[in-house]
Every structure is written in C-alpha cells, then in structure tokens.
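Colleague: Have a peek at target-v5.cif (mmCIF, C-alpha atoms (C1' of nucleotides)).
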data_query
loop_
_atom_site.label_atom_id
_atom_site.label_comp_id
_atom_site.auth_asym_id
_atom_site.auth_seq_id
_atom_site.Cartn_x
_atom_site.Cartn_y
_atom_site.Cartn_z
CA MET T 1 82.30 105.99 84.71
CA ALA T 2 81.52 102.31 84.11
CA GLU T 3 80.63 101.82 87.77
CA ILE T 4 78.52 104.94 87.89
CA ALA T 5 76.61 103.75 84.84
CA ASN T 6 76.13 100.29 86.33
CA ARG T 7 74.87 101.56 89.65
CA ALA T 8 72.54 103.94 87.86
CA GLY T 9 71.30 101.02 85.77
CA VAL T 10 72.10 102.70 82.46
CA SER T 11 74.80 102.42 79.82
CA LYS T 12 78.06 104.27 79.98
CA ALA T 13 77.23 106.10 76.78
CA ASN T 14 74.08 107.41 78.41
CA VAL T 15 76.05 108.96 81.22
CA PHE T 16 78.20 110.75 78.66
CA HIS T 17 75.02 111.89 76.96
CA HIS T 18 73.83 113.66 80.11
CA PHE T 19 77.23 114.93 81.23
CA LYS T 20 79.56 115.82 78.43
CA SER T 21 82.70 114.75 80.33
CA LYS T 22 83.78 113.11 83.55
CA ASP T 23 84.87 116.48 84.92
CA ALA T 24 81.50 118.00 84.13
CA LEU T 25 79.76 115.25 86.05
CA TYR T 26 82.10 115.67 88.99
CA LEU T 27 81.50 119.41 89.09
CA GLU T 28 77.76 118.81 89.07
CA VAL T 29 78.07 116.38 91.98
CA MET T 30 80.22 118.80 93.98
CA SER T 31 77.87 121.71 93.38
CA SER T 32 74.87 119.71 94.45
CA ALA T 33 76.74 118.37 97.50
CA CYS T 34 77.39 121.96 98.58
CA GLN T 35 73.76 123.06 98.40
CA GLY T 36 72.22 122.14 101.75
CA HIS T 37 75.21 123.20 103.78
CA ALA T 38 74.37 125.01 106.97
CA GLN T 39 71.99 127.90 106.96
CA PHE T 40 71.56 126.80 110.56
CA THR T 41 74.62 128.67 111.79
CA GLU T 42 73.37 132.01 110.57
CA GLN T 43 70.10 131.99 112.46
CA LEU T 44 72.14 130.97 115.50
CA LEU T 45 73.87 134.34 115.45
CA ALA T 46 70.59 136.10 116.14
CA ALA T 47 69.39 133.66 118.82
CA ASP T 48 68.95 134.64 122.46
CA LEU T 49 71.68 132.47 123.93
CA SER T 50 75.07 132.83 125.54
CA SER T 51 77.99 132.71 123.14
CA ALA T 52 79.25 129.49 124.67
CA GLU T 53 75.85 127.90 124.15
CA LYS T 54 75.75 129.10 120.56
CA LEU T 55 79.12 127.50 120.00
CA ARG T 56 77.91 124.28 121.57
CA GLN T 57 74.81 124.15 119.39
CA MET T 58 76.82 124.94 116.29
CA ILE T 59 79.23 122.10 117.01
CA ARG T 60 76.41 119.68 117.75
CA TYR T 61 74.69 120.63 114.52
CA ASP T 62 77.89 120.23 112.51
CA PHE T 63 78.52 116.78 113.95
CA GLU T 64 74.97 115.66 113.19
CA ASP T 65 75.11 117.07 109.69
CA MET T 66 78.46 115.47 108.93
CA PHE T 67 77.59 112.02 110.18
CA ALA T 68 74.16 112.14 108.55
CA ASN T 69 75.86 112.72 105.16
CA PRO T 70 79.24 111.02 105.42
CA GLN T 71 79.86 110.67 101.69
CA ARG T 72 79.01 114.27 100.94
CA THR T 73 81.23 115.37 103.82
CA GLN T 74 84.16 113.28 102.69
CA LEU T 75 83.86 114.61 99.15
CA PHE T 76 83.69 118.14 100.47
CA LEU T 77 86.69 117.81 102.77
CA ARG T 78 88.77 116.10 100.11
CA GLU T 79 88.05 118.84 97.62
CA VAL T 80 88.81 121.67 100.03
CA PHE T 81 91.89 120.23 101.69
CA ASN T 82 93.67 118.08 99.16
CA CYS T 83 94.27 120.63 96.44
CA GLY T 84 91.46 119.28 94.28
CA HIS T 85 91.02 119.77 90.55
CA GLY T 86 90.70 123.47 89.76
CA GLU T 87 87.05 123.16 88.71
CA GLY T 88 85.35 121.13 91.44
CA ARG T 89 87.16 123.05 94.10
CA ARG T 90 85.42 126.36 93.64
CA PRO T 91 81.94 125.48 94.88
CA ALA T 92 83.42 123.68 97.88
CA GLU T 93 85.62 126.61 98.77
CA GLN T 94 82.76 129.06 98.52
CA VAL T 95 80.76 127.01 101.01
CA PHE T 96 83.79 126.73 103.25
CA GLU T 97 84.54 130.44 103.18
CA HIS T 98 80.95 131.34 103.91
CA ASN T 99 80.69 128.98 106.89
CA PHE T 100 84.06 130.06 108.20
CA ASN T 101 83.01 133.70 108.16
CA VAL T 102 79.84 132.91 110.09
CA VAL T 103 81.92 131.27 112.84
CA VAL T 104 84.26 134.24 112.91
CA ALA T 105 81.21 136.48 113.32
CA LEU T 106 80.05 134.33 116.23
CA PHE T 107 83.38 134.86 117.97
CA LYS T 108 83.37 138.60 117.37
CA GLN T 109 79.88 138.77 118.81
CA GLY T 110 81.03 136.85 121.88
CA GLN T 111 83.95 139.22 122.31
CA ALA T 112 81.73 142.29 121.98
CA ARG T 113 79.54 140.87 124.74
CA GLY T 114 82.55 140.27 126.97
CA GLU T 115 81.94 136.52 127.03
CA PHE T 116 84.96 135.56 125.00
CA ARG T 117 88.44 136.87 125.66
CA ALA T 118 89.01 140.21 123.95
CA ASP T 119 92.62 139.39 123.16
CA LEU T 120 92.00 136.38 120.95
CA ASP T 121 92.09 136.40 117.18
CA PRO T 122 88.58 135.38 116.06
CA ALA T 123 89.90 133.84 112.85
CA VAL T 124 92.31 131.62 114.80
CA ALA T 125 89.53 130.65 117.20
CA ALA T 126 87.25 129.71 114.30
CA TRP T 127 90.07 127.76 112.71
CA VAL T 128 90.80 125.80 115.87
CA VAL T 129 87.13 124.95 116.40
CA GLY T 130 86.70 123.99 112.77
CA SER T 131 89.80 121.82 112.94
CA ALA T 132 88.55 119.95 115.98
CA VAL T 133 85.20 119.32 114.31
CA MET T 134 86.39 118.33 110.85
CA MET T 135 89.38 116.34 112.01
CA PHE T 136 87.17 114.26 114.24
CA PHE T 137 85.25 113.20 111.18
CA GLN T 138 88.34 112.63 109.08
CA SER T 139 90.40 110.75 111.64
CA ARG T 140 87.72 108.72 113.38
CA GLU T 141 88.38 105.52 111.47
CA THR T 142 92.07 105.71 112.26
CA LEU T 143 91.64 106.57 115.92
CA ARG T 144 89.10 103.84 116.32
CA ARG T 145 91.93 101.36 115.84
CA ILE T 146 94.04 102.88 118.60
CA PRO T 147 93.25 100.91 121.77
CA THR T 148 93.80 103.83 124.17
CA VAL T 149 91.11 105.92 122.52
CA HIS T 150 87.58 105.40 123.75
CA CYS T 151 85.66 108.46 122.60
CA ALA T 152 85.87 107.63 118.89
CA GLU T 153 82.65 105.67 119.21
CA CYS T 154 80.58 108.52 120.52
CA PRO T 155 80.63 111.87 118.70
CA GLU T 156 78.47 113.54 121.35
CA ASP T 157 80.89 112.54 124.07
CA TYR T 158 83.85 113.84 122.10
CA ALA T 159 82.01 117.05 121.25
CA GLU T 160 81.35 117.85 124.91
CA LYS T 161 84.89 117.16 126.06
CA MET T 162 86.38 119.03 123.13
CA LEU T 163 84.16 122.04 123.73
CA ASP T 164 85.12 122.02 127.40
CA ILE T 165 88.80 122.14 126.50
CA LEU T 166 88.27 124.96 124.02
CA LEU T 167 86.15 127.04 126.40
CA ASN T 168 88.10 126.49 129.62
CA GLY T 169 91.57 125.54 128.47
CA LEU T 170 93.93 122.74 129.35
CA ILE T 171 95.66 124.36 132.31
CA SER T 172 94.30 123.68 135.76
CA ARG T 173 92.93 126.78 137.46
CA GLU T 174 94.73 126.06 140.71
CA PHE T 175 98.04 125.75 138.93
CA ALA T 176 97.42 128.93 136.93
CA ALA T 177 96.48 130.81 140.09
CA ALA T 178 99.59 129.59 141.91
CA ALA T 179 101.78 130.52 138.94
CA SER T 180 100.37 134.04 138.64
CA ALA T 181 100.82 134.65 142.39
CA PRO T 182 104.02 132.77 143.37
CA ALA T 183 104.50 134.81 146.57
CA HIS T 184 101.23 133.46 147.88
CA MET L 185 104.36 105.57 86.34
CA ALA L 186 105.15 107.34 83.06
CA GLU L 187 105.55 110.66 84.85
CA ILE L 188 107.67 109.15 87.60
CA ALA L 189 109.95 107.61 85.00
CA ASN L 190 110.18 110.90 83.10
CA ARG L 191 111.01 112.94 86.17
CA ALA L 192 113.58 110.36 87.20
CA GLY L 193 115.05 110.55 83.71
CA VAL L 194 114.71 106.80 83.07
CA SER L 195 112.38 104.58 81.11
CA LYS L 196 109.12 103.25 82.46
CA ALA L 197 110.40 99.71 82.14
CA ASN L 198 113.32 100.58 84.38
CA VAL L 199 111.01 101.71 87.15
CA PHE L 200 109.23 98.37 86.90
CA HIS L 201 112.61 96.67 87.06
CA HIS L 202 113.38 98.26 90.44
CA PHE L 203 109.85 98.03 91.86
CA LYS L 204 107.90 95.03 90.74
CA SER L 205 104.55 96.84 90.75
CA LYS L 206 103.07 100.27 91.23
CA ASP L 207 101.77 99.27 94.65
CA ALA L 208 105.21 98.05 95.72
CA LEU L 209 106.70 101.42 94.76
CA TYR L 210 104.00 103.27 96.62
CA LEU L 211 104.52 101.20 99.74
CA GLU L 212 108.26 101.87 99.57
CA VAL L 213 107.63 105.61 99.29
CA MET L 214 105.22 105.57 102.22
CA SER L 215 107.55 103.55 104.42
CA SER L 216 110.45 105.85 103.71
CA ALA L 217 108.25 108.90 104.27
CA CYS L 218 107.39 107.55 107.70
CA GLN L 219 111.00 107.01 108.81
CA GLY L 220 112.21 110.33 110.14
CA HIS L 221 108.99 111.10 111.89
CA ALA L 222 109.45 112.55 115.32
CA GLN L 223 111.75 110.89 117.78
CA PHE L 224 111.88 114.47 119.04
CA THR L 225 108.65 114.19 120.98
CA GLU L 226 109.85 111.29 123.06
CA GLN L 227 112.94 112.97 124.44
CA LEU L 228 110.69 115.92 125.23
CA LEU L 229 108.83 113.80 127.77
CA ALA L 230 111.97 113.45 129.87
CA ALA L 231 113.03 117.11 129.58
CA ASP L 232 113.09 119.47 132.54
CA LEU L 233 110.33 121.82 131.42
CA SER L 234 106.80 122.75 132.38
CA SER L 235 104.11 120.75 130.61
CA ALA L 236 102.86 123.84 128.81
CA GLU L 237 106.36 124.52 127.53
CA LYS L 238 106.71 120.93 126.39
CA LEU L 239 103.47 121.27 124.49
CA ARG L 240 104.69 124.51 122.91
CA GLN L 241 107.96 122.96 121.82
CA MET L 242 106.21 119.92 120.45
CA ILE L 243 103.86 122.07 118.37
CA ARG L 244 106.70 124.23 117.12
CA TYR L 245 108.66 121.15 116.13
CA ASP L 246 105.67 119.64 114.34
CA PHE L 247 105.05 122.82 112.37
CA GLU L 248 108.70 123.03 111.33
CA ASP L 249 108.81 119.39 110.37
CA MET L 250 105.60 119.56 108.37
CA PHE L 251 106.50 122.65 106.42
CA ALA L 252 110.04 121.44 105.84
CA ASN L 253 108.63 118.31 104.16
CA PRO L 254 105.31 119.35 102.68
CA GLN L 255 105.01 116.53 100.15
CA ARG L 256 105.81 113.84 102.67
CA THR L 257 103.32 115.38 105.06
CA GLN L 258 100.56 115.54 102.47
CA LEU L 259 101.15 111.94 101.50
CA PHE L 260 101.07 110.91 105.13
CA LEU L 261 97.88 112.78 105.94
CA ARG L 262 96.12 111.52 102.85
CA GLU L 263 97.00 107.95 103.66
CA VAL L 264 95.92 108.18 107.27
CA PHE L 265 92.73 110.19 106.82
CA ASN L 266 91.30 109.32 103.45
CA CYS L 267 90.87 105.59 103.84
CA GLY L 268 93.94 104.78 101.76
CA HIS L 269 94.78 101.50 100.06
CA GLY L 270 95.08 98.68 102.59
CA GLU L 271 98.83 98.26 102.03
CA GLY L 272 100.28 101.76 102.12
CA ARG L 273 98.11 102.64 105.04
CA ARG L 274 99.77 100.42 107.59
CA PRO L 275 103.14 102.17 107.94
CA ALA L 276 101.41 105.55 108.08
CA GLU L 277 99.01 104.40 110.76
CA GLN L 278 101.78 102.91 112.86
CA VAL L 279 103.61 106.24 112.86
CA PHE L 280 100.38 108.04 113.63
CA GLU L 281 99.47 105.76 116.51
CA HIS L 282 102.94 106.00 117.99
CA ASN L 283 103.02 109.78 117.86
CA PHE L 284 99.51 110.01 119.20
CA ASN L 285 100.41 107.89 122.19
CA VAL L 286 103.41 110.07 122.98
CA VAL L 287 101.18 113.15 123.08
CA VAL L 288 98.71 111.33 125.31
CA ALA L 289 101.62 110.48 127.62
CA LEU L 290 102.60 114.15 127.69
CA PHE L 291 99.13 115.08 128.85
CA LYS L 292 99.03 112.38 131.50
CA GLN L 293 102.36 113.60 132.79
CA GLY L 294 101.03 117.15 132.95
CA GLN L 295 97.99 115.97 134.86
CA ALA L 296 100.10 113.97 137.32
CA ARG L 297 102.08 117.13 137.98
CA GLY L 298 98.93 119.16 138.56
CA GLU L 299 99.70 121.45 135.64
CA PHE L 300 96.89 120.26 133.41
CA ARG L 301 93.32 119.84 134.55
CA ALA L 302 92.77 116.49 136.18
CA ASP L 303 89.26 116.17 134.73
CA LEU L 304 90.19 116.20 131.07
CA ASP L 305 90.44 113.15 128.86
CA PRO L 306 94.09 113.01 127.70
CA ALA L 307 93.10 111.27 124.45
CA VAL L 308 90.64 114.04 123.59
CA ALA L 309 93.23 116.67 124.48
CA ALA L 310 95.78 115.00 122.22
CA TRP L 311 93.19 114.73 119.48
CA VAL L 312 92.29 118.43 119.68
CA VAL L 313 95.92 119.51 119.63
CA GLY L 314 96.71 117.18 116.75
CA SER L 315 93.70 118.47 114.85
CA ALA L 316 94.75 122.08 115.24
CA VAL L 317 98.27 121.27 114.05
CA MET L 318 97.42 119.01 111.12
CA MET L 319 94.43 120.99 109.94
CA PHE L 320 96.53 124.12 109.76
CA PHE L 321 98.75 122.37 107.30
CA GLN L 322 95.89 120.87 105.33
CA SER L 323 93.71 123.96 105.11
CA ARG L 324 96.33 126.67 104.77
CA GLU L 325 95.99 127.01 101.02
CA THR L 326 92.25 127.36 101.29
CA LEU L 327 92.32 129.81 104.18
CA ARG L 328 94.94 131.87 102.44
CA ARG L 329 92.29 132.82 99.91
CA ILE L 330 89.88 134.06 102.57
CA PRO L 331 90.44 137.82 102.91
CA THR L 332 89.55 138.01 106.60
CA VAL L 333 92.28 135.53 107.58
CA HIS L 334 95.71 137.00 108.19
CA CYS L 335 97.57 134.35 110.15
CA ALA L 336 97.74 131.84 107.29
CA GLU L 337 101.00 133.42 106.18
CA CYS L 338 102.81 132.87 109.44
CA PRO L 339 102.76 129.41 111.04
CA GLU L 340 104.62 130.65 114.13
CA ASP L 341 102.02 133.31 114.70
CA TYR L 342 99.18 130.84 114.35
CA ALA L 343 100.95 128.32 116.59
CA GLU L 344 101.27 130.83 119.44
CA LYS L 345 97.66 132.00 119.24
CA MET L 346 96.37 128.47 118.91
CA LEU L 347 98.38 127.28 121.87
CA ASP L 348 97.13 130.18 123.92
CA ILE L 349 93.52 129.23 123.17
CA LEU L 350 94.14 125.59 124.04
CA LEU L 351 95.97 126.36 127.28
CA ASN L 352 93.77 129.17 128.58
CA GLY L 353 90.46 128.67 126.83
CA LEU L 354 88.16 130.95 124.88
CA ILE L 355 86.10 132.29 127.77
CA SER L 356 87.18 135.54 129.37
CA ARG L 357 88.29 135.13 133.00
CA GLU L 358 86.25 138.09 134.17
CA PHE L 359 83.12 136.69 132.59
CA ALA L 360 83.77 133.23 134.04
CA ALA L 361 84.36 134.71 137.50
CA ALA L 362 81.18 136.76 137.29
CA ALA L 363 79.18 133.75 136.14
CA SER L 364 80.48 131.50 138.92
CA ALA L 365 79.74 134.16 141.59
CA PRO L 366 76.59 135.95 140.40
CA ALA L 367 75.85 137.32 143.90
CA HIS L 368 79.10 139.24 143.82
"C1'" DG S 369 66.82 109.28 75.92
"C1'" DT S 370 68.69 105.01 75.40
"C1'" DC S 371 71.20 101.55 73.39
"C1'" DT S 372 75.32 98.77 70.80
"C1'" DA S 373 79.43 99.24 68.72
"C1'" DT S 374 83.62 101.43 68.23
"C1'" DA S 375 87.48 104.79 68.30
"C1'" DT S 376 91.43 106.50 70.81
"C1'" DA S 377 94.41 107.08 74.42
"C1'" DA S 378 96.50 105.91 78.74
"C1'" DT S 379 97.89 102.59 82.16
"C1'" DG S 380 100.17 98.75 84.41
"C1'" DA S 381 103.22 95.44 83.15
"C1'" DT S 382 106.38 92.07 80.35
"C1'" DA S 383 109.99 90.32 76.74
"C1'" DG S 384 114.19 90.37 75.27
"C1'" DA S 385 118.31 92.88 73.37
"C1'" DC S 386 122.49 95.56 74.94
"C1'" DG Y 387 120.82 98.29 84.96
"C1'" DT Y 388 119.04 100.24 81.10
"C1'" DC Y 389 116.80 100.45 76.95
"C1'" DT Y 390 113.06 99.70 72.87
"C1'" DA Y 391 109.20 97.36 71.66
"C1'" DT Y 392 105.09 95.40 72.80
"C1'" DC Y 393 100.86 93.49 75.23
"C1'" DA Y 394 96.58 93.35 77.69
"C1'" DT Y 395 93.42 96.00 79.96
"C1'" DT Y 396 90.89 99.82 81.12
"C1'" DA Y 397 89.23 104.56 80.60
"C1'" DT Y 398 87.30 108.48 78.28
"C1'" DA Y 399 84.62 109.55 74.76
"C1'" DT Y 400 82.02 109.38 70.05
"C1'" DA Y 401 78.91 107.49 66.10
"C1'" DG Y 402 74.88 106.27 64.71
"C1'" DA Y 403 70.71 103.30 65.02
"C1'" DC Y 404 66.16 102.88 67.57
#
Take the structure in the file and write it out as structure tokens.
Modeller:
Amino acid sequence: MAEIANRAGVSKANVFHHFKSKDALYLEVMSSACQGHAQFTEQLLAADLSSAEKLRQMIRYDFEDMFANPQRTQLFLREVFNCGHGEGRRPAEQVFEHNFNVVVALFKQGQARGEFRADLDPAVAAWVVGSAVMMFFQSRETLRRIPTVHCAECPEDYAEKMLDILLNGLISREFAAAASAPAH
Amino acid sequence: MAEIANRAGVSKANVFHHFKSKDALYLEVMSSACQGHAQFTEQLLAADLSSAEKLRQMIRYDFEDMFANPQRTQLFLREVFNCGHGEGRRPAEQVFEHNFNVVVALFKQGQARGEFRADLDPAVAAWVVGSAVMMFFQSRETLRRIPTVHCAECPEDYAEKMLDILLNGLISREFAAAASAPAH
DNA sequence: GTCTATATAATGATAGAC
DNA sequence: GTCTATCATTATATAGAC
C-alpha cells in the first residue's frame, strides 16, 4: 500500500480513503483489468473464413493482446490459475469462462463444417490451444534462458509453428500411411 | 513462519534455529521438492518403443507424478513461471531445463526415425506438449467450474484426447485430402 | 480530498534460560 | 533442541485537522 501511494504521488491514508481496504482495491484492479478482454473472438465466429484461419487469427490476436498488456495478463493468469483470493478470482474466472466457451464454439463450428475432425472433444481442443497460448506467455522468461530454445524471442514465429503442430499433428504423414497399410 | 511452526507443533524460534532465515527455509523446501523429479523420462529414451508410445508414457507418468504431489507441483510451477525470488528459482529452473531438454531429445529421436515430421521444431513441439500437461494441472480447478467441460474430472481421459490431438492434428483427414487435391 | 499523526497487529528475527 | 520473552520493522487501517 505504501508503494502504491508513493507511485500515485499521494499519501497512504488517501488510498485507504478511496478504497476501504487492500482487498477492495485489489478487486477493483482485477475487475478493471478484465474489462477490455476479447470481444474480438466473437465477431470472428461470424466471419467468412476457414476454421483453420479463424483459429490462426484468434491466436495471433491473443498473442498481441497479451504482450501489449503484460501486467494485466500476468495478474489475470495468476488469479485464475493459482487459487487466488476468493474475491478477486470471480471477475477473472468469468472472463476466462466466457472466452473459453467462444473457443469451444469455434471448434464446434469447424466440426459442423467438416473442417475439424468430428471425433475430437471441442473442450479438450480449446484447452490445448489455450494452454499453448497462455503457457507461452507464462514460460517465456524461463525458456529464454535455455540455450537450445530459439523461438522464445519471436511470438509470431512460435505461433505459426505451434498452430501447424495443432492443425496437422506431430506424426509424419508418410509414417502414418505406412503404419495404417503395413502390407503395402 | 508462525503457521509453519504451529503446523509442525514447535515454536517459531525453533524454526529459526533450524533454518537461519525464511529465505533459507524456502530454498531448502524448493530444493527438496525438485529432487525426485523425473529420472523416468531419461530411461524412456532408450526403451524399445515407438516414439508416439514413448510420448504417451511420458505424459501418463507426468500426470501421475503431478497429481500424486500436488503441493510440490504447484510450488514448482509458481517458482518457474511467476518470476519467483532470485534464490528459490534456480533449483526449479535447473529441473525444468533438464526435463525440457529430455523431451526435446525425444522429439529429435522420433524425427531421426521418421516417425515424427521432419519439418517441425523439436523445441516448439516440446513446449506445446509441456504446456498441455502443465496447464491441465494449473487450470483444472477453474475448468472444473465450467459446466461445458467434462474431462476435468479424469486426467487419463484428458491425456488420451490431448495426445491424440497432438499426434494427429485437429484437421480432418478427408478435408485435408480434398483441400490438397481440389480437382479430384 | 488530502494531509499528519497514530493505533494495532503481524512479521522476521534474536537473547538467553532449560 | 526446545522453549519463553522480546525486539525492530513493516503493514493495515483509523482519527481528526485543513
């Protein structure tokens, strides 16, 4: 609270005048941090694009948004994933649930169009995509220090490669073809 | 420190007798939490299995290990991903880097054998797999509260579906075939 | 709304007896 | 090794004047 007051250029008592407790201030910050979060994805659902392209644009947008507001993003992720204080968690979880459901809808749409595999669980797909996006943000600093990793510097590069893996899989087509037709 | 002393059934002063400072205690806890972490993966590299099966076993082992030691895992993830205190971070990052490199090696091996796509970046592949595994642990509580998600209850179920997406991709084979041969 | 001054509690840590 | 007692510091919060 002392640091907040200092940076704001006011006295500590003044901060307590405007926010009755530390928790109240925190809740206010969380709520406001969750405001601008991603109406983009919804309009994407109605766009005239292939499902794969929609997914690509969604991921690109998420990366841009996250890196444009790193502090907000870190606060958000911490609150949602680290069992935050009962109060501040609610607004963050509402945003999370809403965004998650939009991604699930995107996958269902892709399945209905025959573009995505009919046999996959859309919730799992959304979860995996979300993981790859959010974990990149969360683990970038750590991976930056690992010498064998080069793509930590460039989110766009990572995004493309990651999307390629998710869309087309890890297994080589030739190998898969040979395995499914061993008599050949 | 007061709570630690209470739960241990000793006085606060006694805790300070055994660990000269709070930071020293924390570092000890982190180091010990990082001990048992995954020699399993290394022996997997030398096993006589397909690369996909190795990946499956690695993921299954990670899930078991994480859920068998939830507190250790949470501590570890927090330290690695949330810009922890300079000191406690080092042991966690060493474990992380080591494990990461083993997974990268697994992917390189799979590529050398022609089982995994030659054109994928093994570091990105390892990152995506790690994300899907660790994020499941971190976000399970949150996703549990989303009504549309069913697989949060069963890690094994999620692991299989997630692995299937990573190995075979999201795009339906028929659609991909049609797209690559539009004249057909 | 803003300040100074102050109350009250918790926290990290030490002193010294047993 | 363990305890009680204590200290210095910091944190959350309030009182009351301007």
Colleague: Could you spell out the hits of the PyMOL selection byres ((chain L) within 10 of (chain Y)) on the shown file, as a list in words?
Modeller: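 Taken over the shown coordinates, the PyMOL selection byres ((chain L) within 10 of (chain Y)) returns Val194, Ser195, Lys196, Ala197, Asn198, His201 and His202 of chain L.
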Colleague: Determine, counting only C-alpha atoms (C1' of nucleotides), which protein, DNA and RNA residues have an atom within 10 Å of an atom of Phe291 in chain L; residues of the same chain fewer than 6 positions away are not included. Present the result as a ChimeraX atom specification.
Modeller: /T:170 /L:229,235-236,238-239,285,297,299-302,304-307,309-310
Colleague: Given the selection you just returned, output its residues as a file containing C-alpha atoms, formatted as a tab-separated table (two decimals), in the frame of the given file.
Modeller:
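Output contents, as saved in selection.tsv:
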chain	number	residue	atom	x	y	z
T	170	LEU	CA	93.93	122.74	129.35
L	229	LEU	CA	108.83	113.80	127.77
L	235	SER	CA	104.11	120.75	130.61
L	236	ALA	CA	102.86	123.84	128.81
L	238	LYS	CA	106.71	120.93	126.39
L	239	LEU	CA	103.47	121.27	124.49
L	285	ASN	CA	100.41	107.89	122.19
L	297	ARG	CA	102.08	117.13	137.98
L	299	GLU	CA	99.70	121.45	135.64
L	300	PHE	CA	96.89	120.26	133.41
L	301	ARG	CA	93.32	119.84	134.55
L	302	ALA	CA	92.77	116.49	136.18
L	304	LEU	CA	90.19	116.20	131.07
L	305	ASP	CA	90.44	113.15	128.86
L	306	PRO	CA	94.09	113.01	127.70
L	307	ALA	CA	93.10	111.27	124.45
L	309	ALA	CA	93.23	116.67	124.48
L	310	ALA	CA	95.78	115.00	122.22
Colleague: Between CA of Glu53 in chain T and CA of Ala152 in chain T, what is the distance in Å, rounded to a tenth?
Modeller: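 Going from CA of Glu53 in chain T over to CA of Ala152 in chain T, I get 23.2 Å.
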Colleague: Name the residues captured by the PyMOL selection byres ((chain S) within 9 of (chain L)) when it is applied to the shown file; answer as a VMD selection string.
Modeller: chain S and resid 379 to 382
Colleague: What does the distance from CA of Glu93 in chain T to CA of Val80 in chain T come to in Å, to one decimal?
Modeller: 6.0 Å
Colleague: Excluding Met134 in chain T and its own-chain neighbours fewer than 2 positions away, which residues fall within 12 Å of it when counting all atoms listed in the file? Please give them as a PyMOL selection string.
Modeller: (chain T and resi 59+62-67+70+73-74+76-78+80-81+96+126-132+136-140+155+159) or (chain L and resi 265+311-312+314-316+318-320+322-323)
Colleague: With only C-alpha atoms as the atoms that count, which of T:Met162, T:Cys154, T:Gln109, T:Pro91 lies nearest to Val308 in chain L?
Modeller: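 The answer is T:Met162, which sits nearest to Val308 in chain L.
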Colleague: Could you please determine the separation between CA of Ile330 in chain L and CA of Asn82 in chain T in Å, to one decimal place?
Modeller: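 Result for CA of Ile330 in chain L versus CA of Asn82 in chain T: 16.8 Å, one decimal.
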Colleague: Distance cut-off 12 Å, centre (110.6, 111.7, 118.0) in file coordinates, counting all atoms listed in the file: which residues qualify? Return them as an MDAnalysis selection string.
Modeller: chainID L and resid 218:229 242 245:246 249 279:280 282:287
Colleague: Let me make sure I understand: among T:Ala181, T:Ala46, T:Ala68, T:Leu163, which one has the smallest atom-to-atom distance to chain L if we use all atoms listed in the file?
Modeller: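 Ranking T:Ala181, T:Ala46, T:Ala68, T:Leu163 by distance to chain L, first place goes to T:Leu163.
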Colleague: Between L:Glu271, L:Glu281, L:Glu344, L:Glu337, which is the closest to chain T once you count all atoms listed in the file?
Modeller: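 That would be L:Glu281, the residue with the smallest distance to chain T.
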